[in-house]
Amino acid sequence: MSREHGKGMSLIVKTVTRLTVGLILLYGIYIVLHGHLSPGGGFAGGVIIALSFIHLMLAYGKEIALKKLSKPILSLFESIGAITFLSIALLGFSGGYFFLNFISKGKPFKLFSAGIIPFCNIAICLKVGAGLFAIFVVLVLLKFDAENKE
Amino acid sequence: MTELYLLLIFMIIAAIIAIEIKDLLSSIIAVGAVGLGLSIVFLILKAPDVAITQLVVEILCLIILIRATLKKDLLFSTTGRWFLNTLIVAGFISIFLFVAGKALRELPEFGRPIMKVAATYLKEGLSKTGATNLVASVILDFRAYDTLGEATVLFTAVIGVLAVARRVGRKKQGSELEEED
């Protein structure tokens, strides 16, 4: 079972994955960007984005998925997300206090509205998506190593 | 309310199956059934944000459980001090029920929250933050400290997993040298 997973699954699974993985990624980005207008938000959208890469990795094997998003880049994205969230919070000191909504609110129901909330959503999405995909990659690689040694 | 209780009974049955069954894959699928039932419960209680998050995280946990921890030769420890373990568990459950029974009497009735804080958020959320999704306005504006704490918890968890399961530390025990990734 593990040897086949190294190269990926069958042709049917690969074809369906090629058709659907882009849609899943786009849906995750939609949920993140519309987090302040409709249900969803940074956490759920980030997990959906991580799931699209996990989908790719399950169907095509670890080499192709890690070529698109390798482990150092994952660590970089997660740190960027955390630092962005903190710096948005710290920028609130320019107007008074921590987490101040310092950008103009705009009109309701528009995509560019609600001040800092969309940017916070994007930062949390980067952090959650990269972090959860990194956990999955590390656990799978650990299992591969354990099987190779036996 | 009836479908809510049906779902709760379904979740309890699935949880008992997940504990008692011998096959690991069936147990993981029963855990997934509990999570999906919980997401439908959130949807019935009119919390779509929590329902989406619960559904998505449940799928991720299921994939990680199946893909990364499922092995044929996983050891089962069926023998052991079952009498002492059962006694300790029963003691803890009775203590928990006693304390919870005292605490739950102080809570307001189910479905009728005291709208002291929430009424302010509902009234002034749109004008103060400009976000039409009030959940987003609460978790990223009014209560952003909680989100910061949650992000810190996740960051720490990822760092912990990456540190425990890294390759460099385990290479010293193995005899053969692996190439760098």
# chains A, B, ... in the order shown; residues from 1 in each chain; ligands from 1
>>> interface_residues(of="chain B", to="chain A", cutoff="9 Å", atoms="only C-alpha atoms", output="ChimeraX atom specification")
/B:47-50,52-54,56-57,59-60,63-64,67-69,126-137,140-142,144-145,148,151-152,154-155,157-159,161-162,165-167,174,181
>>> atom_distance(atom1="CA of Gly37 in chain B", atom2="CA of Leu6 in chain B")
10.0 Å
>>> residues_around(residues="Thr17 in chain A", least_positions_apart="3", cutoff="9 Å", atoms="only C-alpha atoms", output="compact mmCIF listing (two decimals) with N, CA and C atoms, in the first residue's frame")
# COMPACT_ATOMS: atom_id res chain seq x y z
N ILE A 12 -7.79 7.14 -12.71
CA ILE A 12 -9.11 7.76 -12.52
C ILE A 12 -9.01 8.83 -11.44
N VAL A 13 -8.37 8.47 -10.34
CA VAL A 13 -8.25 9.42 -9.23
C VAL A 13 -7.43 10.63 -9.66
N LYS A 14 -6.36 10.37 -10.44
CA LYS A 14 -5.53 11.50 -10.87
C LYS A 14 -6.30 12.44 -11.77
N THR A 20 -10.65 18.84 -10.13
CA THR A 20 -11.32 19.42 -8.97
C THR A 20 -10.41 20.23 -8.07
N VAL A 21 -9.09 20.03 -8.14
CA VAL A 21 -8.26 20.64 -7.10
C VAL A 21 -8.23 22.16 -7.25
N GLY A 22 -8.30 22.66 -8.49
CA GLY A 22 -8.34 24.10 -8.69
C GLY A 22 -9.61 24.71 -8.15
N HIS A 55 -5.30 17.04 -0.98
CA HIS A 55 -5.92 16.29 -2.08
C HIS A 55 -4.89 15.98 -3.17
N LEU A 56 -4.11 17.00 -3.54
CA LEU A 56 -3.06 16.81 -4.54
C LEU A 56 -2.04 15.79 -4.08
N ALA A 59 -3.37 12.16 -4.14
CA ALA A 59 -3.58 11.56 -5.45
C ALA A 59 -2.28 11.38 -6.21
N TYR A 60 -1.36 12.35 -6.12
CA TYR A 60 -0.17 12.34 -6.97
C TYR A 60 1.10 11.93 -6.24
